[in-house]
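Asks: If it helps, the file is called run.pdb and holds PDB, C-alpha atoms and all ligand atoms:
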ATOM      1  CA  MET A   1       6.885   9.256  10.116
ATOM      2  CA  LYS A   2       4.807   8.819   6.944
ATOM      3  CA  VAL A   3       6.373   6.777   4.140
ATOM      4  CA  LYS A   4       6.303   9.015   1.071
ATOM      5  CA  LYS A   5       9.306   8.049  -1.032
ATOM      6  CA  ALA A   6      10.091   5.126  -3.294
ATOM      7  CA  VAL A   7      13.269   4.094  -5.063
ATOM      8  CA  ILE A   8      13.126   2.000  -8.227
ATOM      9  CA  PRO A   9      16.494   0.630  -9.344
ATOM     10  CA  ALA A  10      16.498   0.394 -13.146
ATOM     11  CA  ALA A  11      20.144   0.388 -14.098
ATOM     12  CA  GLY A  12      20.527  -3.298 -14.990
ATOM     13  CA  LEU A  13      21.820  -4.254 -18.417
ATOM     14  CA  GLY A  14      18.884  -6.533 -19.249
ATOM     15  CA  THR A  15      21.155  -9.221 -20.703
ATOM     16  CA  ARG A  16      18.397 -11.855 -20.377
ATOM     17  CA  PHE A  17      16.425 -10.058 -23.093
ATOM     18  CA  LEU A  18      19.170  -9.389 -25.625
ATOM     19  CA  PRO A  19      19.012  -8.393 -28.414
ATOM     20  CA  ALA A  20      15.759  -6.570 -27.501
ATOM     21  CA  THR A  21      17.554  -4.632 -24.771
ATOM     22  CA  LYS A  22      20.654  -3.665 -26.746
ATOM     23  CA  ALA A  23      19.436  -0.084 -27.206
ATOM     24  CA  MET A  24      16.357  -0.102 -24.987
ATOM     25  CA  ALA A  25      15.753  -0.342 -21.240
ATOM     26  CA  LYS A  26      14.268  -3.699 -20.230
ATOM     27  CA  GLU A  27      11.860  -1.765 -17.988
ATOM     28  CA  MET A  28      10.195  -0.425 -21.154
ATOM     29  CA  LEU A  29       9.286  -3.887 -22.492
ATOM     30  CA  PRO A  30       5.487  -3.943 -22.482
ATOM     31  CA  ILE A  31       3.131  -6.472 -20.961
ATOM     32  CA  VAL A  32       0.425  -6.282 -23.666
ATOM     33  CA  ASP A  33       0.540  -2.462 -23.954
ATOM     34  CA  LYS A  34       2.055  -1.152 -20.728
ATOM     35  CA  PRO A  35       5.791  -0.961 -19.936
ATOM     36  CA  THR A  36       6.657  -3.090 -16.903
ATOM     37  CA  ILE A  37       7.974  -0.048 -15.030
ATOM     38  CA  GLN A  38       4.576   1.626 -15.299
ATOM     39  CA  PHE A  39       3.031  -1.238 -13.288
ATOM     40  CA  ILE A  40       5.600  -0.553 -10.549
ATOM     41  CA  VAL A  41       4.957   3.203 -10.574
ATOM     42  CA  GLU A  42       1.202   2.554 -10.375
ATOM     43  CA  GLU A  43       1.693   0.234  -7.364
ATOM     44  CA  ALA A  44       3.684   2.992  -5.649
ATOM     45  CA  LEU A  45       0.961   5.562  -6.280
ATOM     46  CA  LYS A  46      -1.746   3.180  -5.015
ATOM     47  CA  ALA A  47       0.303   2.789  -1.830
ATOM     48  CA  GLY A  48       0.262   6.551  -1.267
ATOM     49  CA  ILE A  49       3.866   7.206  -2.328
ATOM     50  CA  GLU A  50       4.357  10.845  -3.330
ATOM     51  CA  ASP A  51       7.882  10.936  -4.791
ATOM     52  CA  ILE A  52       9.679   8.297  -6.820
ATOM     53  CA  LEU A  53      13.366   8.144  -7.648
ATOM     54  CA  ILE A  54      14.347   5.959 -10.579
ATOM     55  CA  VAL A  55      18.002   4.952 -10.554
ATOM     56  CA  THR A  56      18.853   4.606 -14.223
ATOM     57  CA  GLY A  57      21.865   3.588 -16.265
ATOM     58  CA  LYS A  58      22.761   3.534 -19.917
ATOM     59  CA  ALA A  59      19.935   3.484 -22.503
ATOM     60  CA  LYS A  60      17.378   4.586 -19.942
ATOM     61  CA  ARG A  61      16.345   7.837 -21.638
ATOM     62  CA  PRO A  62      13.072   6.253 -22.903
ATOM     63  CA  ILE A  63      12.007   5.748 -19.257
ATOM     64  CA  GLU A  64      12.368   9.475 -18.636
ATOM     65  CA  ASP A  65      10.500  10.294 -21.836
ATOM     66  CA  HIS A  66       7.737   7.812 -21.033
ATOM     67  CA  PHE A  67       6.811   9.621 -17.846
ATOM     68  CA  ASP A  68       7.160  13.077 -19.397
ATOM     69  CA  ALA A  69       4.532  14.981 -21.379
ATOM     70  CA  ASN A  70       4.544  14.384 -25.143
ATOM     71  CA  ILE A  71       2.874  17.548 -26.410
ATOM     72  CA  GLU A  72       3.001  16.601 -30.079
ATOM     73  CA  LEU A  73       1.316  13.244 -29.464
ATOM     74  CA  GLU A  74      -1.244  14.740 -27.091
ATOM     75  CA  THR A  75      -2.189  17.495 -29.579
ATOM     76  CA  ASN A  76      -2.510  14.946 -32.331
ATOM     77  CA  LEU A  77      -4.779  12.667 -30.268
ATOM     78  CA  ARG A  78      -6.868  15.625 -29.117
ATOM     79  CA  GLU A  79      -7.352  16.872 -32.694
ATOM     80  CA  LYS A  80      -8.425  13.431 -33.833
ATOM     81  CA  GLY A  81     -10.854  13.122 -30.899
ATOM     82  CA  LYS A  82      -9.074  10.000 -29.558
ATOM     83  CA  THR A  83      -9.944  10.816 -25.967
ATOM     84  CA  GLU A  84      -9.442   7.313 -24.555
ATOM     85  CA  LEU A  85      -5.877   7.133 -25.880
ATOM     86  CA  LEU A  86      -5.233  10.696 -24.757
ATOM     87  CA  LYS A  87      -6.268   9.716 -21.247
ATOM     88  CA  LEU A  88      -3.834   6.768 -21.280
ATOM     89  CA  VAL A  89      -0.977   9.003 -22.415
ATOM     90  CA  GLU A  90      -1.737  11.771 -19.925
ATOM     91  CA  GLU A  91      -2.010   9.349 -16.989
ATOM     92  CA  THR A  92       1.695   8.598 -17.195
ATOM     93  CA  THR A  93       2.696  12.197 -16.531
ATOM     94  CA  ASP A  94       0.759  12.628 -13.333
ATOM     95  CA  VAL A  95       3.651  11.449 -11.147
ATOM     96  CA  ASN A  96       6.428  13.135  -9.167
ATOM     97  CA  LEU A  97       9.386  11.375 -10.694
ATOM     98  CA  HIS A  98      13.075  12.016 -10.140
ATOM     99  CA  PHE A  99      16.013  10.412 -11.902
ATOM    100  CA  ILE A 100      19.587   9.728 -11.013
ATOM    101  CA  ARG A 101      22.137   7.845 -13.064
ATOM    102  CA  GLN A 102      24.258   5.069 -11.653
ATOM    103  CA  SER A 103      27.253   5.294 -13.944
ATOM    104  CA  HIS A 104      29.042   2.169 -12.678
ATOM    105  CA  PRO A 105      26.550  -0.588 -11.850
ATOM    106  CA  ARG A 106      28.120  -2.342  -8.854
ATOM    107  CA  GLY A 107      25.079  -4.194  -7.565
ATOM    108  CA  LEU A 108      21.649  -3.578  -6.086
ATOM    109  CA  GLY A 109      23.037  -2.212  -2.809
ATOM    110  CA  HIS A 110      25.105   0.311  -4.739
ATOM    111  CA  ALA A 111      22.042   1.350  -6.792
ATOM    112  CA  VAL A 112      20.030   1.969  -3.621
ATOM    113  CA  LEU A 113      22.920   3.963  -2.134
ATOM    114  CA  GLN A 114      22.496   6.475  -4.991
ATOM    115  CA  ALA A 115      19.161   7.414  -3.365
ATOM    116  CA  LYS A 116      20.754   8.628  -0.112
ATOM    117  CA  ALA A 117      20.336  12.371  -0.727
ATOM    118  CA  PHE A 118      16.828  11.930  -2.188
ATOM    119  CA  VAL A 119      15.629   9.896   0.789
ATOM    120  CA  GLY A 120      17.256  11.911   3.571
ATOM    121  CA  ASN A 121      16.290  10.853   7.048
ATOM    122  CA  GLU A 122      12.972   9.144   6.274
ATOM    123  CA  PRO A 123      11.736   5.575   5.923
ATOM    124  CA  PHE A 124      11.309   4.649   2.254
ATOM    125  CA  VAL A 125      10.461   1.764  -0.033
ATOM    126  CA  VAL A 126      12.559   0.014  -2.657
ATOM    127  CA  MET A 127      10.642  -1.579  -5.517
ATOM    128  CA  LEU A 128      12.335  -3.886  -8.018
ATOM    129  CA  GLY A 129      11.013  -3.980 -11.552
ATOM    130  CA  ASP A 130      11.278  -7.727 -12.176
ATOM    131  CA  ASP A 131       8.241  -8.622 -10.087
ATOM    132  CA  LEU A 132       4.662  -7.517 -10.693
ATOM    133  CA  MET A 133       2.484  -8.065  -7.644
ATOM    134  CA  GLU A 134      -1.270  -8.463  -7.454
ATOM    135  CA  ASP A 135      -3.330  -8.393  -4.291
ATOM    136  CA  GLU A 136      -6.378  -6.578  -2.941
ATOM    137  CA  ILE A 137      -4.059  -4.300  -0.963
ATOM    138  CA  PRO A 138      -0.938  -3.493  -3.031
ATOM    139  CA  LEU A 139       2.124  -5.180  -1.482
ATOM    140  CA  THR A 140       3.906  -1.854  -0.967
ATOM    141  CA  LYS A 141       0.877  -0.624   0.980
ATOM    142  CA  GLN A 142       0.951  -3.803   3.104
ATOM    143  CA  LEU A 143       4.577  -3.026   4.047
ATOM    144  CA  ILE A 144       3.652   0.574   4.880
ATOM    145  CA  ASN A 145       0.781  -0.670   7.070
ATOM    146  CA  ASP A 146       3.269  -2.920   8.926
ATOM    147  CA  TYR A 147       5.668  -0.023   9.363
ATOM    148  CA  GLU A 148       2.955   2.162  10.837
ATOM    149  CA  LYS A 149       2.540  -0.441  13.587
ATOM    150  CA  THR A 150       6.165  -1.501  14.154
ATOM    151  CA  HIS A 151       8.306   1.452  12.949
ATOM    152  CA  ALA A 152      10.758  -1.147  11.705
ATOM    153  CA  SER A 153      12.166  -2.113   8.330
ATOM    154  CA  THR A 154      10.088  -4.841   6.684
ATOM    155  CA  ILE A 155      11.026  -6.960   3.700
ATOM    156  CA  ALA A 156       8.481  -8.797   1.530
ATOM    157  CA  VAL A 157       9.104 -12.532   1.147
ATOM    158  CA  MET A 158       7.352 -15.431  -0.524
ATOM    159  CA  LYS A 159       7.815 -19.210  -0.607
ATOM    160  CA  VAL A 160       9.763 -20.409  -3.649
ATOM    161  CA  PRO A 161      10.639 -23.961  -4.754
ATOM    162  CA  HIS A 162      13.615 -25.137  -2.666
ATOM    163  CA  GLU A 163      15.798 -25.757  -5.731
ATOM    164  CA  GLU A 164      15.469 -22.071  -6.712
ATOM    165  CA  THR A 165      16.908 -20.483  -3.549
ATOM    166  CA  TYR A 166      20.132 -19.637  -5.409
ATOM    167  CA  LYS A 167      18.228 -16.976  -7.393
ATOM    168  CA  TYR A 168      17.073 -14.985  -4.334
ATOM    169  CA  GLY A 169      17.863 -13.432  -1.010
ATOM    170  CA  ILE A 170      16.610 -15.980   1.549
ATOM    171  CA  ILE A 171      15.609 -15.370   5.156
ATOM    172  CA  ASP A 172      16.153 -17.485   8.233
ATOM    173  CA  PRO A 173      12.819 -16.911  10.016
ATOM    174  CA  GLU A 174      12.841 -16.958  13.792
ATOM    175  CA  ALA A 175       9.199 -16.653  14.854
ATOM    176  CA  GLU A 176       5.913 -15.569  13.329
ATOM    177  CA  VAL A 177       4.940 -12.591  15.485
ATOM    178  CA  ALA A 178       1.720 -11.681  13.674
ATOM    179  CA  ASP A 179      -0.104 -13.042  10.619
ATOM    180  CA  GLY A 180       2.704 -13.668   8.102
ATOM    181  CA  LEU A 181       5.071 -11.263   9.902
ATOM    182  CA  TYR A 182       8.359 -12.856  10.948
ATOM    183  CA  ASN A 183      11.267 -11.980  13.173
ATOM    184  CA  VAL A 184      14.368 -12.875  11.216
ATOM    185  CA  ARG A 185      17.647 -14.424  12.369
ATOM    186  CA  SER A 186      19.540 -13.676   9.169
ATOM    187  CA  PHE A 187      19.267 -12.654   5.531
ATOM    188  CA  VAL A 188      21.432 -14.571   3.047
ATOM    189  CA  GLU A 189      21.980 -13.612  -0.601
ATOM    190  CA  LYS A 190      21.559 -16.392  -3.164
ATOM    191  CA  PRO A 191      22.393 -19.479  -1.068
ATOM    192  CA  LYS A 192      22.665 -22.870  -2.766
ATOM    193  CA  PRO A 193      19.641 -25.054  -1.885
ATOM    194  CA  GLU A 194      21.783 -27.173   0.474
ATOM    195  CA  ASN A 195      22.732 -24.057   2.471
ATOM    196  CA  ALA A 196      19.391 -22.212   2.315
ATOM    197  CA  PRO A 197      17.949 -21.591   5.799
ATOM    198  CA  SER A 198      14.351 -21.631   4.439
ATOM    199  CA  ASP A 199      12.313 -21.359   1.234
ATOM    200  CA  LEU A 200      11.187 -17.802   2.021
ATOM    201  CA  ALA A 201      12.662 -15.553  -0.655
ATOM    202  CA  ILE A 202      12.957 -11.770  -0.861
ATOM    203  CA  ILE A 203      10.667 -10.705  -3.703
ATOM    204  CA  GLY A 204      11.587  -7.166  -4.588
ATOM    205  CA  ARG A 205       9.618  -4.946  -2.214
ATOM    206  CA  TYR A 206      11.455  -3.475   0.766
ATOM    207  CA  LEU A 207      10.524  -0.943   3.399
ATOM    208  CA  LEU A 208      13.734   0.401   4.880
ATOM    209  CA  THR A 209      14.767   2.856   7.556
ATOM    210  CA  PRO A 210      17.416   5.405   6.469
ATOM    211  CA  GLU A 211      20.103   3.768   8.660
ATOM    212  CA  ILE A 212      20.575   1.364   5.752
ATOM    213  CA  PHE A 213      22.606   4.057   3.929
ATOM    214  CA  HIS A 214      25.376   4.175   6.547
ATOM    215  CA  ILE A 215      25.697   0.429   6.219
ATOM    216  CA  LEU A 216      25.651   0.482   2.412
ATOM    217  CA  GLU A 217      28.441   3.057   2.356
ATOM    218  CA  ASN A 218      30.748   0.562   4.015
ATOM    219  CA  GLN A 219      29.343  -2.615   2.512
ATOM    220  CA  ALA A 220      31.947  -4.948   0.994
ATOM    221  CA  PRO A 221      30.997  -6.778  -2.222
ATOM    222  CA  GLY A 222      29.226 -10.102  -1.612
ATOM    223  CA  ALA A 223      27.611 -12.704  -3.901
ATOM    224  CA  GLY A 224      28.607 -12.222  -7.544
ATOM    225  CA  ASP A 225      31.212  -9.682  -6.352
ATOM    226  CA  GLU A 226      28.432  -7.072  -6.108
ATOM    227  CA  ILE A 227      27.397  -4.745  -3.284
ATOM    228  CA  GLN A 228      24.334  -6.615  -2.082
ATOM    229  CA  LEU A 229      21.316  -4.964  -0.471
ATOM    230  CA  THR A 230      20.596  -8.267   1.330
ATOM    231  CA  ASP A 231      23.992  -8.150   3.111
ATOM    232  CA  ALA A 232      23.322  -4.577   4.300
ATOM    233  CA  ILE A 233      19.867  -5.617   5.552
ATOM    234  CA  ASP A 234      21.442  -8.486   7.473
ATOM    235  CA  THR A 235      23.770  -5.997   9.180
ATOM    236  CA  LEU A 236      20.879  -3.594   9.878
ATOM    237  CA  ASN A 237      18.998  -6.471  11.538
ATOM    238  CA  LYS A 238      21.811  -6.720  14.108
ATOM    239  CA  THR A 239      21.227  -3.190  15.397
ATOM    240  CA  GLN A 240      17.479  -2.707  14.827
ATOM    241  CA  ARG A 241      14.626  -5.112  14.143
ATOM    242  CA  VAL A 242      13.997  -6.012  10.523
ATOM    243  CA  PHE A 243      10.819  -7.984   9.870
ATOM    244  CA  ALA A 244       9.832 -10.139   6.921
ATOM    245  CA  GLN A 245       6.251 -10.040   5.671
ATOM    246  CA  GLU A 246       5.055 -13.084   3.731
ATOM    247  CA  PHE A 247       3.164 -12.095   0.599
ATOM    248  CA  LYS A 248       0.042 -14.159  -0.031
ATOM    249  CA  GLY A 249      -1.034 -12.558  -3.312
ATOM    250  CA  LYS A 250       0.022 -13.295  -6.872
ATOM    251  CA  ARG A 251       3.525 -12.606  -8.131
ATOM    252  CA  TYR A 252       4.457 -12.381 -11.807
ATOM    253  CA  ASP A 253       8.164 -12.626 -12.552
ATOM    254  CA  VAL A 254       8.901 -10.575 -15.669
ATOM    255  CA  GLY A 255      12.675 -10.778 -15.223
ATOM    256  CA  ASP A 256      13.248 -13.638 -17.637
ATOM    257  CA  LYS A 257      11.818 -14.809 -20.954
ATOM    258  CA  ILE A 258       9.449 -17.505 -19.776
ATOM    259  CA  GLY A 259       8.141 -15.400 -16.885
ATOM    260  CA  PHE A 260       7.641 -12.514 -19.273
ATOM    261  CA  LEU A 261       5.679 -14.684 -21.725
ATOM    262  CA  LYS A 262       3.502 -16.190 -18.985
ATOM    263  CA  THR A 263       2.745 -12.730 -17.577
ATOM    264  CA  SER A 264       1.880 -11.405 -21.036
ATOM    265  CA  ILE A 265      -0.612 -14.239 -21.498
ATOM    266  CA  ALA A 266      -2.100 -13.866 -18.006
ATOM    267  CA  TYR A 267      -2.567 -10.105 -18.459
ATOM    268  CA  GLY A 268      -3.761 -10.531 -22.037
ATOM    269  CA  LEU A 269      -6.537 -12.809 -20.769
ATOM    270  CA  THR A 270      -7.909  -9.936 -18.677
ATOM    271  CA  HIS A 271      -7.292  -7.109 -21.163
ATOM    272  CA  PRO A 272     -10.692  -5.883 -22.480
ATOM    273  CA  GLU A 273      -9.416  -5.307 -26.004
ATOM    274  CA  VAL A 274      -7.736  -8.648 -26.667
ATOM    275  CA  LYS A 275      -8.984 -11.161 -24.103
ATOM    276  CA  ALA A 276     -11.666 -12.825 -26.270
ATOM    277  CA  ASP A 277      -9.361 -13.294 -29.270
ATOM    278  CA  LEU A 278      -6.483 -14.470 -27.091
ATOM    279  CA  ARG A 279      -8.676 -17.037 -25.345
ATOM    280  CA  ALA A 280      -9.870 -18.389 -28.698
ATOM    281  CA  PHE A 281      -6.275 -18.536 -29.954
ATOM    282  CA  ILE A 282      -5.054 -20.425 -26.886
ATOM    283  CA  LYS A 283      -7.885 -22.951 -27.227
ATOM    284  CA  GLU A 284      -7.013 -23.500 -30.876
ATOM    285  CA  LEU A 285      -3.345 -23.842 -30.013
ATOM    286  CA  GLY A 286      -4.182 -26.227 -27.179
ATOM    287  CA  ALA A 287      -6.173 -28.430 -29.550
ATOM    288  CA  GLU A 288      -3.313 -28.399 -32.098
ATOM    289  CA  LEU A 289      -0.758 -29.274 -29.443
ATOM    290  CA  THR A 290      -2.929 -32.102 -28.115
ATOM    291  CA  ALA A 291      -3.328 -33.492 -31.629
ATOM    292  CA  GLU A 292       0.444 -33.177 -32.146
ATOM    293  CA  ASP A 293       1.153 -34.929 -28.830
ATOM    294  CA  GLU A 294      -1.226 -37.729 -29.788
ATOM    295  CA  LEU A 295       0.455 -38.145 -33.167
ATOM    296  CA  GLN A 296       3.863 -38.230 -31.498
ATOM    297  CA  ALA A 297       2.648 -40.809 -29.007
ATOM    298  CA  ILE A 298       1.294 -42.947 -31.833
ATOM    299  CA  SER A 299       4.531 -42.747 -33.830
ATOM    300  CA  ALA A 300       6.601 -43.435 -30.703
ATOM    301  CA  LYS A 301       4.508 -46.544 -30.083
ATOM    302  CA  ALA A 302       4.859 -47.584 -33.719
ATOM    303  CA  ALA A 303       8.635 -47.132 -33.513
ATOM    304  CA  LYS A 304       8.801 -49.493 -30.532
ATOM    305  CA  LYS A 305       6.507 -52.122 -32.103
ATOM    306  CA  PRO A 306       8.629 -54.910 -33.583
ATOM    307  CA  THR A 307       8.054 -55.230 -37.301
ATOM    308  CA  ALA A 308       8.101 -58.569 -39.136
ATOM    309  CA  GLU A 309      11.705 -57.890 -40.171
ATOM    310  CA  THR A 310      13.053 -56.940 -36.747
ATOM    311  CA  LYS A 311      11.279 -59.980 -35.350
ATOM    312  CA  LYS A 312      13.097 -62.169 -37.893
ATOM    313  CA  ALA A 313      16.432 -60.555 -37.069
ATOM    314  CA  ASP A 314      15.844 -61.181 -33.384
ATOM    315  CA  GLN A 315      15.353 -64.874 -33.928
TER     316      GLN A 315
HETATM  317  C1  LIG B   1      17.683  -9.231  -6.289
HETATM  318  C2  LIG B   1      18.098  -9.348  -4.826
HETATM  319  C3  LIG B   1      17.593 -10.649  -4.229
HETATM  320  C4  LIG B   1      16.078 -10.744  -4.418
HETATM  321  C5  LIG B   1      15.731 -10.597  -5.907
HETATM  322  C6  LIG B   1      14.216 -10.530  -6.088
HETATM  323  O1  LIG B   1      18.380 -10.206  -7.033
HETATM  324  O2  LIG B   1      19.514  -9.268  -4.736
HETATM  325  O3  LIG B   1      17.892 -10.705  -2.854
HETATM  326  O4  LIG B   1      15.620 -11.987  -3.935
HETATM  327  O5  LIG B   1      16.284  -9.392  -6.444
HETATM  328  O6  LIG B   1      13.864 -10.429  -7.426
HETATM  329  P1  LIG B   1      18.485 -10.157  -8.651
HETATM  330  O7  LIG B   1      17.211 -10.740  -9.158
HETATM  331  O8  LIG B   1      18.674  -8.727  -9.032
HETATM  332  O9  LIG B   1      19.673 -11.011  -8.993
END
In structure tokens, how does this file's structure come out?
Replies:
Amino acid sequence: MKVKKAVIPAAGLGTRFLPATKAMAKEMLPIVDKPTIQFIVEEALKAGIEDILIVTGKAKRPIEDHFDANIELETNLREKGKTELLKLVEETTDVNLHFIRQSHPRGLGHAVLQAKAFVGNEPFVVMLGDDLMEDEIPLTKQLINDYEKTHASTIAVMKVPHEETYKYGIIDPEAEVADGLYNVRSFVEKPKPENAPSDLAIIGRYLLTPEIFHILENQAPGAGDEIQLTDAIDTLNKTQRVFAQEFKGKRYDVGDKIGFLKTSIAYGLTHPEVKADLRAFIKELGAELTAEDELQAISAKAAKKPTAETKKADQ
């Protein structure tokens, strides 16, 4: 069966970006000039997805408005002959988007469960908004390609530093059955490094068969007292094969401040409008920081050097 539907959970509170996210969805924070959620929607479209369900929560109205037509703005841009901007604005409305609200956020598994009626009895993908992925073939498309061969659920994973396993779902790989495609013994949510079965972490792209919903309906809360998608996947893996596909492309984590800043810089350096100025600015900054570091090193050395007085006192 063709994979046509995607679910994007976007009901998190965005506490890592407060106060910016007090009244605004974190998914609307822009990387240079594009909200992070638009990158996710574009990846879905490039993968051939036809319908997208966004599971929203409080303060998510701007997401709905972003992907809706804005007649006033479009008329204004058209009248002023700003065709390039008009194109950018119109692009965002060319998507089959659906919304559902998750009134009581009880974890990622619970958010995905809200998509049960939308998905029906079809395979589907789940795409998390905290990771932007770059590769020649979009990661979601890679998972769909796997599914077309195996007809099994497939979860995207990537190596992470061992000390960071507690931030992710981690797999216990059994055997590599094809290039980067693993059979999995178990899926564990947020293990401490000492208990982590590997360094292969779930990175926010999942291709799932609809049987996951029956499991989610009965899923007890797990790590962080939340209904965890990882736990449901582990159960699914006991009754049907669930593969893990190692992602070899580039992943940008926009889920915390430093990741967000790094991604903004990386994307800024390729953005036609700002890349030259940004490059010049970074060079200037680099030179200033080097000079500052050198000064600090000199003063640190000076501070350690015994003066005539300290020498006297030592004697
Ligand atoms: C969620 C999942 C986790 C996965 C991670 C990827 O965690 O529960 O298994 O590794 O996304 O970003 P969260 O980041 O929402 O805590």
Asks: Using all atoms listed in the file, which residues sit within 7 Å of segment 216-229 of chain A once same-chain residues fewer than 5 positions away are excluded, as a PDB file with C-alpha atoms, in the frame of the given file?
Replies:
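Okay, out36.pdb is ready:
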ATOM      1  CA  ARG A 106      28.120  -2.342  -8.854  1.00  0.00           C
ATOM      2  CA  GLY A 107      25.079  -4.194  -7.565  1.00  0.00           C
ATOM      3  CA  LEU A 108      21.649  -3.578  -6.086  1.00  0.00           C
ATOM      4  CA  GLY A 109      23.037  -2.212  -2.809  1.00  0.00           C
ATOM      5  CA  HIS A 110      25.105   0.311  -4.739  1.00  0.00           C
ATOM      6  CA  LEU A 113      22.920   3.963  -2.134  1.00  0.00           C
ATOM      7  CA  GLU A 189      21.980 -13.612  -0.601  1.00  0.00           C
TER       8      GLU A 189
END
Asks: With distances taken over all atoms listed in the file, which residue among A:Asp135, A:Glu148, A:Glu292, A:Glu74 lies nearest Glu90 of chain A?
Replies: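 Of all the options, A:Glu74 lies closest to Glu90 of chain A.
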Asks: Compare A:Gly81, A:Gly255, A:Pro30, A:Pro105 by their minimum atom-to-atom distance to ligand LIG 1 (chain B), counting all atoms listed in the file, and give me the closest one.
Replies: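 Of the candidates, the smallest distance to ligand LIG 1 (chain B) is held by A:Gly255.
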Asks: Could you please determine the separation between atom CA of His104 of chain A and atom CA of Gly120 of chain A in Å, to one decimal place?
Replies: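 A separation of 22.3 Å between them.
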Asks: Output the residue selection produced by the PyMOL selection byres (((not hetatm)) within 7 of (chain B and resi 1)) on the file above, formatted as a ChimeraX atom specification.
Replies: /A:108,128,130-131,167-170,189-190,201-204,228-230
